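S.K.: First, the structure itself, so that you have it in front of you.
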Amino acid sequence: MSWKTRITDLLQIDYPIIQGGLAYLAYAELAAAVSNAGGLGQITAMSLSTAEDLRNEIQQLRTLTSQPFGVNFAIGMHGIGYEERVQIAIDEQVPAVTITGGNPTPILEMLQPSSIKTLVLVASRRQAQKAEQLGVDAVIVVGQEGGGHLGRDDIGTMVLVPQVVDAVKIPVIASGGIGDGRGWMPAHALGTDGIEMGTRFIATQECVHASSSYKQAIVNGSESDTLIIKQSIGAPARVLCNDYAKKILAIEKETPSYEAIQKYISGTTNKRWIYDGIMEEGFGFAGQVTGMIRDIPTVSELFKRMIGEAEEIRRKWGNSSSFLF
């Protein structure tokens with residue numbers, strides 16, 4: 001069956017499936033596996049220690065795949081400049097850049113002379129319209145089911161996505177609460193050109209930087225085993241529910257300020273669990289889709305399964321073998 005959409009055309013990929021930026025986890029091994037399976041793998045730029053590390057990661061990725069890939073810039077991360085890293089992405093002629101967590105305008109201005117495709121993560125219809133006005137090639141729409149940083153409005157993917165589809169003319173990618181073929185196909189029914197997944201790709205064998213403790217918590221978790229931290233400082237983020245995350249919430253309730261929770265929400269404490277496997281000393285991002293994840297396959301196995309599920313749904317819908325949007 002054909003999976004041709006505006007996103008597969010734009011990014012020159014076989015399947016309209018994009019791997020999320022995944023702070024501290026999205027590096028060459030995982031990105032290459034996703035790209036080799038026919039999707040768009042990504043490297044996370046802002047989690048790397050130096051700008052030169054990004055160049056090395058891109059070059060390593062190119063030894064693992066000849067397929068298109070992306071570089072994600074989570075520009076909301078505190079205290080890290082992105083300009084030098086963006087320039088490296090330009091110098092290395094990466095195929096695509098995704099921008100999350102802040103005002104994308106400066107990065108888009110830097111990228112404008114290049115042929116790099118640009119995608120921006122949004123969490124509202126207004127943000128999507130603004131991104132389109134700025135000239136981005138596509139928007140990724142994340143609903144409240146998603147893991148990691150979310151929008152401030154408590155709107156789910158099923159409600160938010162069609163509003164954005166109706167509001168813009170550029171391709172729309174759905175994100176949040178998607179982890180299998182049963183989530184992929186409804187996203188198309190809502191009018192999107194593709195999907196992005198984050199949590200589901202953490203629980204894969206090629207996500208080599210994630211600790212077994214973190215992966216197993218995702219596998220063991222239910223749809224109710226997440227909570228949202230950092231709402232008190234206007235930067236809500238969905239994480240797995242553990243005692244450490246509950247401690248953050250308690251501090252926020254008592255003293256709702258960035259200064260009060262700063263040391264508890266740092267990259268260092270995030271890595272204590274996701275890298276070192278010490279759950280009681282850190283937190284781990286994850287979406288509600290954790291309730292649907294029950295194993296840790298290879299990325300190739302995951303793609304084959306999802307494609308099979310999606311094709312079965314298409315047969316039930318009575319579609320022909322052509323699947324053009």
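A note on labels: chains of the structure tokens are A, B, ... as shown, every chain counts residues from 1, and ligands are counted from 1 in their shown order.
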Leaving out Ala286 (chain A) and any residue of its chain fewer than 2 positions from it, which residues lie within 6 Å of it when counting only C-alpha atoms, given as a list in words?
M.R.: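 After dropping sequence-adjacent residues, the list is Gly147, Thr199, Val239 and Leu240 of chain A.
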S.K.: I need the chosen residues saved as a PDB file, in the first residue's frame, with N, CA and C atoms.
M.R.:
```
ATOM      1  N   GLY A 147       3.903  13.469  26.100  1.00  0.00           N
ATOM      2  CA  GLY A 147       4.927  13.532  27.134  1.00  0.00           C
ATOM      3  C   GLY A 147       5.820  14.731  26.934  1.00  0.00           C
ATOM      4  N   THR A 199       7.292   9.051  23.267  1.00  0.00           N
ATOM      5  CA  THR A 199       7.371   8.020  24.296  1.00  0.00           C
ATOM      6  C   THR A 199       7.532   6.625  23.710  1.00  0.00           C
ATOM      7  N   VAL A 239       5.215  13.898  32.939  1.00  0.00           N
ATOM      8  CA  VAL A 239       6.257  12.965  33.352  1.00  0.00           C
ATOM      9  C   VAL A 239       5.613  11.713  33.939  1.00  0.00           C
ATOM     10  N   LEU A 240       6.409  10.664  34.080  1.00  0.00           N
ATOM     11  CA  LEU A 240       5.946   9.472  34.774  1.00  0.00           C
ATOM     12  C   LEU A 240       5.739   9.789  36.250  1.00  0.00           C
TER      13      LEU A 240
END
```
S.K.: List as JSON, numbers by chain the protein and nucleic acid residues near Ile140 (chain A), meaning an atom at most 7 Å away when only C-alpha atoms are counted, but skip any in the same chain fewer than 4 places from it.
M.R.: {"A": [119, 120, 121, 122, 172, 173, 174, 175]}
S.K.: For N, CA and C atoms, I'd like the residues from the last selection saved as a JSON list (two decimals), in the first residue's frame.
M.R.:
```
[["chain", "number", "residue", "atom", "x", "y", "z"],
["A", 119, "LEU", "N", 10.06, 22.55, 10.52],
["A", 119, "LEU", "CA", 8.83, 22.12, 11.18],
["A", 119, "LEU", "C", 8.84, 22.70, 12.59],
["A", 120, "VAL", "N", 7.70, 23.22, 13.03],
["A", 120, "VAL", "CA", 7.61, 23.84, 14.35],
["A", 120, "VAL", "C", 6.52, 23.16, 15.17],
["A", 121, "LEU", "N", 6.85, 22.85, 16.42],
["A", 121, "LEU", "CA", 5.87, 22.26, 17.33],
["A", 121, "LEU", "C", 4.97, 23.35, 17.89],
["A", 122, "VAL", "N", 3.66, 23.13, 17.83],
["A", 122, "VAL", "CA", 2.69, 24.10, 18.34],
["A", 122, "VAL", "C", 1.70, 23.38, 19.24],
["A", 172, "VAL", "N", 0.07, 19.35, 8.43],
["A", 172, "VAL", "CA", -0.07, 19.24, 9.87],
["A", 172, "VAL", "C", 0.30, 17.82, 10.31],
["A", 173, "ILE", "N", 1.07, 17.72, 11.37],
["A", 173, "ILE", "CA", 1.50, 16.43, 11.93],
["A", 173, "ILE", "C", 0.92, 16.34, 13.33],
["A", 174, "ALA", "N", 0.27, 15.22, 13.65],
["A", 174, "ALA", "CA", -0.34, 15.04, 14.96],
["A", 174, "ALA", "C", 0.64, 14.41, 15.93],
["A", 175, "SER", "N", 0.63, 14.88, 17.18],
["A", 175, "SER", "CA", 1.51, 14.35, 18.22],
["A", 175, "SER", "C", 0.76, 14.34, 19.55]]
```
S.K.: Report as a PyMOL selection string all protein, DNA and RNA residues lying within 7 Å of region 93-103 of chain A, evaluated on only C-alpha atoms, omitting residues in the same chain fewer than 5 positions from it.
M.R.: chain A and resi 68-76+116-121
S.K.: Based on the backbone DSSP call, show me all residues of region 151-241 of chain A assigned strand (DSSP E), as JSON, numbers by chain.
M.R.: {"A": [172, 173, 174, 175, 194, 195, 196, 197, 226, 227, 228, 229, 237, 238, 239, 240]}
S.K.: Filtering to N, CA, C and O atoms, could you give me those residues as a PDB file, in the first residue's frame?
M.R.:
```pdb
ATOM      1  N   VAL A 172       0.071  19.346   8.426  1.00  0.00           N
ATOM      2  CA  VAL A 172      -0.072  19.241   9.874  1.00  0.00           C
ATOM      3  C   VAL A 172       0.295  17.823  10.306  1.00  0.00           C
ATOM      4  O   VAL A 172      -0.131  16.843   9.684  1.00  0.00           O
ATOM      5  N   ILE A 173       1.074  17.719  11.368  1.00  0.00           N
ATOM      6  CA  ILE A 173       1.496  16.434  11.929  1.00  0.00           C
ATOM      7  C   ILE A 173       0.920  16.340  13.334  1.00  0.00           C
ATOM      8  O   ILE A 173       1.059  17.272  14.130  1.00  0.00           O
ATOM      9  N   ALA A 174       0.274  15.225  13.646  1.00  0.00           N
ATOM     10  CA  ALA A 174      -0.339  15.040  14.964  1.00  0.00           C
ATOM     11  C   ALA A 174       0.640  14.407  15.932  1.00  0.00           C
ATOM     12  O   ALA A 174       1.379  13.486  15.581  1.00  0.00           O
ATOM     13  N   SER A 175       0.627  14.877  17.181  1.00  0.00           N
ATOM     14  CA  SER A 175       1.510  14.355  18.222  1.00  0.00           C
ATOM     15  C   SER A 175       0.761  14.342  19.547  1.00  0.00           C
ATOM     16  O   SER A 175      -0.051  15.223  19.826  1.00  0.00           O
ATOM     17  N   GLY A 194       0.591  13.316   8.765  1.00  0.00           N
ATOM     18  CA  GLY A 194       1.540  12.430   9.407  1.00  0.00           C
ATOM     19  C   GLY A 194       1.433  12.501  10.916  1.00  0.00           C
ATOM     20  O   GLY A 194       0.598  13.226  11.469  1.00  0.00           O
ATOM     21  N   ILE A 195       2.298  11.743  11.586  1.00  0.00           N
ATOM     22  CA  ILE A 195       2.302  11.703  13.043  1.00  0.00           C
ATOM     23  C   ILE A 195       3.728  11.846  13.566  1.00  0.00           C
ATOM     24  O   ILE A 195       4.695  11.561  12.869  1.00  0.00           O
ATOM     25  N   GLU A 196       3.820  12.284  14.817  1.00  0.00           N
ATOM     26  CA  GLU A 196       5.080  12.281  15.554  1.00  0.00           C
ATOM     27  C   GLU A 196       4.874  11.445  16.809  1.00  0.00           C
ATOM     28  O   GLU A 196       3.827  11.534  17.457  1.00  0.00           O
ATOM     29  N   MET A 197       5.867  10.623  17.163  1.00  0.00           N
ATOM     30  CA  MET A 197       5.816   9.841  18.393  1.00  0.00           C
ATOM     31  C   MET A 197       7.091  10.080  19.200  1.00  0.00           C
ATOM     32  O   MET A 197       8.174  10.161  18.628  1.00  0.00           O
ATOM     33  N   THR A 226       0.904   9.050  34.819  1.00  0.00           N
ATOM     34  CA  THR A 226       1.692  10.242  34.522  1.00  0.00           C
ATOM     35  C   THR A 226       1.084  11.418  35.272  1.00  0.00           C
ATOM     36  O   THR A 226      -0.078  11.371  35.707  1.00  0.00           O
ATOM     37  N   LEU A 227       1.853  12.473  35.408  1.00  0.00           N
ATOM     38  CA  LEU A 227       1.340  13.710  35.984  1.00  0.00           C
ATOM     39  C   LEU A 227       2.071  14.886  35.358  1.00  0.00           C
ATOM     40  O   LEU A 227       3.084  14.711  34.676  1.00  0.00           O
ATOM     41  N   ILE A 228       1.542  16.070  35.573  1.00  0.00           N
ATOM     42  CA  ILE A 228       2.115  17.267  34.953  1.00  0.00           C
ATOM     43  C   ILE A 228       2.790  18.125  36.008  1.00  0.00           C
ATOM     44  O   ILE A 228       2.166  18.528  36.996  1.00  0.00           O
ATOM     45  N   ILE A 229       4.071  18.382  35.791  1.00  0.00           N
ATOM     46  CA  ILE A 229       4.844  19.257  36.667  1.00  0.00           C
ATOM     47  C   ILE A 229       5.075  20.598  35.974  1.00  0.00           C
ATOM     48  O   ILE A 229       4.787  20.756  34.787  1.00  0.00           O
ATOM     49  N   ALA A 237       4.787  20.148  31.888  1.00  0.00           N
ATOM     50  CA  ALA A 237       5.463  19.017  31.265  1.00  0.00           C
ATOM     51  C   ALA A 237       4.925  17.725  31.878  1.00  0.00           C
ATOM     52  O   ALA A 237       4.820  17.611  33.104  1.00  0.00           O
ATOM     53  N   ARG A 238       4.618  16.754  31.025  1.00  0.00           N
ATOM     54  CA  ARG A 238       4.085  15.474  31.511  1.00  0.00           C
ATOM     55  C   ARG A 238       5.228  14.496  31.750  1.00  0.00           C
ATOM     56  O   ARG A 238       6.083  14.293  30.883  1.00  0.00           O
ATOM     57  N   VAL A 239       5.215  13.898  32.939  1.00  0.00           N
ATOM     58  CA  VAL A 239       6.257  12.965  33.352  1.00  0.00           C
ATOM     59  C   VAL A 239       5.613  11.713  33.939  1.00  0.00           C
ATOM     60  O   VAL A 239       4.423  11.699  34.270  1.00  0.00           O
ATOM     61  N   LEU A 240       6.409  10.664  34.080  1.00  0.00           N
ATOM     62  CA  LEU A 240       5.946   9.472  34.774  1.00  0.00           C
ATOM     63  C   LEU A 240       5.739   9.789  36.250  1.00  0.00           C
ATOM     64  O   LEU A 240       6.489  10.572  36.849  1.00  0.00           O
TER      65      LEU A 240
END
```
S.K.: Write out as a list in words each polymer residue whose atoms come within 7 Å of Thr269 (chain A), counting only C-alpha atoms; drop sequence neighbours fewer than 4 positions from it.
M.R.: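 Using only C-alpha atoms, the neighbours found are Tyr264, Ile265, Glu281, Gly282 and Phe283 of chain A.
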S.K.: Just write the chosen residues, N, CA and C atoms, as a compact mmCIF listing (two decimals), in the first residue's frame.
M.R.:
```
# COMPACT_ATOMS: atom_id res chain seq x y z
N TYR A 264 15.28 20.82 41.24
CA TYR A 264 14.57 19.55 41.10
C TYR A 264 14.20 19.24 39.65
N ILE A 265 14.21 20.24 38.78
CA ILE A 265 13.76 20.04 37.39
C ILE A 265 14.89 20.19 36.39
N GLU A 281 15.73 9.45 42.52
CA GLU A 281 16.50 10.70 42.51
C GLU A 281 16.25 11.53 41.24
N GLY A 282 15.24 11.18 40.46
CA GLY A 282 15.01 11.94 39.24
C GLY A 282 13.64 11.70 38.65
N PHE A 283 13.37 12.38 37.53
CA PHE A 283 12.09 12.27 36.85
C PHE A 283 12.33 11.86 35.41
```
S.K.: Can you work out the spacing between CA of Ile13 (chain A) and CA of Ala37 (chain A) in Å, to one decimal?
M.R.: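 Going from CA of Ile13 (chain A) over to CA of Ala37 (chain A), I get 9.4 Å.
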S.K.: Can you work out the spacing between CA of Ala32 (chain A) and CA of Gly135 (chain A) in Å, to one decimal?
M.R.: 27.9 Å
S.K.: Have a look at A:Gln144, A:Cys207, A:Glu280, A:Val164 and name the one nearest to Lys247 (chain A); count only C-alpha atoms.
M.R.: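 Between A:Gln144, A:Cys207, A:Glu280, A:Val164, the residue approaching Lys247 (chain A) most closely is A:Glu280.
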S.K.: When you look at region 57-63 of chain A with a cut-off of 8 Å (counting only C-alpha atoms), what residues show up, excluding the ones that are within fewer than 6 positions of it in the same chain? I need them as a VMD selection string.
M.R.: chain A and resid 27 to 29 31 to 32 43 92
S.K.: For a quick check of understanding, using only C-alpha atoms, which of A:Ile88, A:Val136, A:Val165, A:Val299 has the smallest distance to Gln205 (chain A)?
M.R.: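 Closest to Gln205 (chain A), using only C-alpha atoms: A:Val299.
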S.K.: Give me the residues near Glu145 (chain A) as an MDAnalysis selection string, where near means some atom within 6 Å (using only C-alpha atoms) and where sequence neighbours in that chain fewer than 3 positions away do not count.
M.R.: chainID A and resid 176:177 287:288
S.K.: Dump all heavy atoms for the selected residues as a PDB file, in the first residue's frame?
M.R.:
```
ATOM      1  N   GLY A 176       1.040  13.329  20.354  1.00  0.00           N
ATOM      2  CA  GLY A 176       0.396  13.226  21.660  1.00  0.00           C
ATOM      3  C   GLY A 176      -0.603  12.092  21.708  1.00  0.00           C
ATOM      4  O   GLY A 176      -1.644  12.148  21.057  1.00  0.00           O
ATOM      5  N   GLY A 177      -0.271  11.026  22.435  1.00  0.00           N
ATOM      6  CA  GLY A 177      -1.185   9.911  22.588  1.00  0.00           C
ATOM      7  C   GLY A 177      -1.154   8.903  21.460  1.00  0.00           C
ATOM      8  O   GLY A 177      -2.055   8.062  21.361  1.00  0.00           O
ATOM      9  N   GLY A 287       4.341  10.287  27.978  1.00  0.00           N
ATOM     10  CA  GLY A 287       2.959  10.642  27.723  1.00  0.00           C
ATOM     11  C   GLY A 287       1.999   9.566  28.204  1.00  0.00           C
ATOM     12  O   GLY A 287       2.404   8.486  28.631  1.00  0.00           O
ATOM     13  N   GLN A 288       0.714   9.867  28.106  1.00  0.00           N
ATOM     14  CA  GLN A 288      -0.305   8.919  28.545  1.00  0.00           C
ATOM     15  C   GLN A 288      -0.306   7.644  27.702  1.00  0.00           C
ATOM     16  O   GLN A 288      -0.850   6.623  28.129  1.00  0.00           O
ATOM     17  CB  GLN A 288      -1.679   9.586  28.504  1.00  0.00           C
ATOM     18  CG  GLN A 288      -1.852  10.659  29.564  1.00  0.00           C
ATOM     19  CD  GLN A 288      -3.199  11.351  29.474  1.00  0.00           C
ATOM     20  OE1 GLN A 288      -3.826  11.401  28.423  1.00  0.00           O
ATOM     21  NE2 GLN A 288      -3.647  11.910  30.595  1.00  0.00           N
TER      22      GLN A 288
END
```
S.K.: Show which residues sit within 8 Å of Ile296 (chain A), as a ChimeraX atom specification. Count only C-alpha atoms, and ignore same-chain residues fewer than 2 positions away.
M.R.: /A:203-205,215,219,294,298
S.K.: Write to file, as a PDB file, in the first residue's frame, the residues of the selection just made, with all heavy atoms.
M.R.:
```
ATOM      1  N   ALA A 203      10.877   3.430  24.348  1.00  0.00           N
ATOM      2  CA  ALA A 203      10.809   1.996  24.657  1.00  0.00           C
ATOM      3  C   ALA A 203      11.122   1.168  23.424  1.00  0.00           C
ATOM      4  O   ALA A 203      10.313   0.354  22.966  1.00  0.00           O
ATOM      5  CB  ALA A 203       9.436   1.646  25.215  1.00  0.00           C
ATOM      6  N   THR A 204      12.305   1.412  22.852  1.00  0.00           N
ATOM      7  CA  THR A 204      12.816   0.600  21.743  1.00  0.00           C
ATOM      8  C   THR A 204      14.262   0.242  22.048  1.00  0.00           C
ATOM      9  O   THR A 204      14.935   0.908  22.842  1.00  0.00           O
ATOM     10  CB  THR A 204      12.755   1.347  20.395  1.00  0.00           C
ATOM     11  OG1 THR A 204      13.544   2.540  20.479  1.00  0.00           O
ATOM     12  CG2 THR A 204      11.322   1.685  20.014  1.00  0.00           C
ATOM     13  N   GLN A 205      14.744  -0.789  21.392  1.00  0.00           N
ATOM     14  CA  GLN A 205      16.103  -1.253  21.670  1.00  0.00           C
ATOM     15  C   GLN A 205      17.164  -0.253  21.240  1.00  0.00           C
ATOM     16  O   GLN A 205      18.235  -0.152  21.846  1.00  0.00           O
ATOM     17  CB  GLN A 205      16.325  -2.606  20.991  1.00  0.00           C
ATOM     18  CG  GLN A 205      15.483  -3.720  21.596  1.00  0.00           C
ATOM     19  CD  GLN A 205      15.715  -5.061  20.949  1.00  0.00           C
ATOM     20  OE1 GLN A 205      16.804  -5.346  20.435  1.00  0.00           O
ATOM     21  NE2 GLN A 205      14.695  -5.911  20.956  1.00  0.00           N
ATOM     22  N   LYS A 215      12.845   2.591  30.805  1.00  0.00           N
ATOM     23  CA  LYS A 215      12.076   1.889  29.778  1.00  0.00           C
ATOM     24  C   LYS A 215      11.038   0.963  30.405  1.00  0.00           C
ATOM     25  O   LYS A 215       9.892   0.902  29.954  1.00  0.00           O
ATOM     26  CB  LYS A 215      13.011   1.076  28.876  1.00  0.00           C
ATOM     27  CG  LYS A 215      13.879   1.891  27.946  1.00  0.00           C
ATOM     28  CD  LYS A 215      14.709   0.981  27.048  1.00  0.00           C
ATOM     29  CE  LYS A 215      15.607   1.756  26.111  1.00  0.00           C
ATOM     30  NZ  LYS A 215      16.387   0.870  25.221  1.00  0.00           N
ATOM     31  N   VAL A 219       6.896   0.639  30.092  1.00  0.00           N
ATOM     32  CA  VAL A 219       6.205  -0.605  29.740  1.00  0.00           C
ATOM     33  C   VAL A 219       5.190  -0.993  30.813  1.00  0.00           C
ATOM     34  O   VAL A 219       4.078  -1.453  30.503  1.00  0.00           O
ATOM     35  CB  VAL A 219       7.226  -1.741  29.529  1.00  0.00           C
ATOM     36  CG1 VAL A 219       6.529  -3.098  29.416  1.00  0.00           C
ATOM     37  CG2 VAL A 219       8.064  -1.473  28.284  1.00  0.00           C
ATOM     38  N   ARG A 294       3.710  -2.085  25.767  1.00  0.00           N
ATOM     39  CA  ARG A 294       3.870  -3.313  26.534  1.00  0.00           C
ATOM     40  C   ARG A 294       5.154  -4.084  26.212  1.00  0.00           C
ATOM     41  O   ARG A 294       5.342  -5.195  26.699  1.00  0.00           O
ATOM     42  CB  ARG A 294       2.642  -4.216  26.312  1.00  0.00           C
ATOM     43  CG  ARG A 294       1.377  -3.682  26.975  1.00  0.00           C
ATOM     44  CD  ARG A 294       1.520  -3.726  28.486  1.00  0.00           C
ATOM     45  NE  ARG A 294       0.455  -3.019  29.194  1.00  0.00           N
ATOM     46  CZ  ARG A 294       0.555  -1.786  29.663  1.00  0.00           C
ATOM     47  NH1 ARG A 294       1.676  -1.095  29.487  1.00  0.00           N
ATOM     48  NH2 ARG A 294      -0.440  -1.234  30.326  1.00  0.00           N
ATOM     49  N   THR A 298      12.672  -3.664  18.512  1.00  0.00           N
ATOM     50  CA  THR A 298      13.532  -2.834  17.678  1.00  0.00           C
ATOM     51  C   THR A 298      12.643  -1.839  16.945  1.00  0.00           C
ATOM     52  O   THR A 298      11.424  -2.040  16.812  1.00  0.00           O
ATOM     53  CB  THR A 298      14.300  -3.677  16.646  1.00  0.00           C
ATOM     54  OG1 THR A 298      13.360  -4.236  15.718  1.00  0.00           O
ATOM     55  CG2 THR A 298      15.102  -4.773  17.318  1.00  0.00           C
TER      56      THR A 298
END
```
S.K.: What is the distance between CA of Asp193 (chain A) and CA of Glu312 (chain A), in Å to one decimal?
M.R.: 19.0 Å
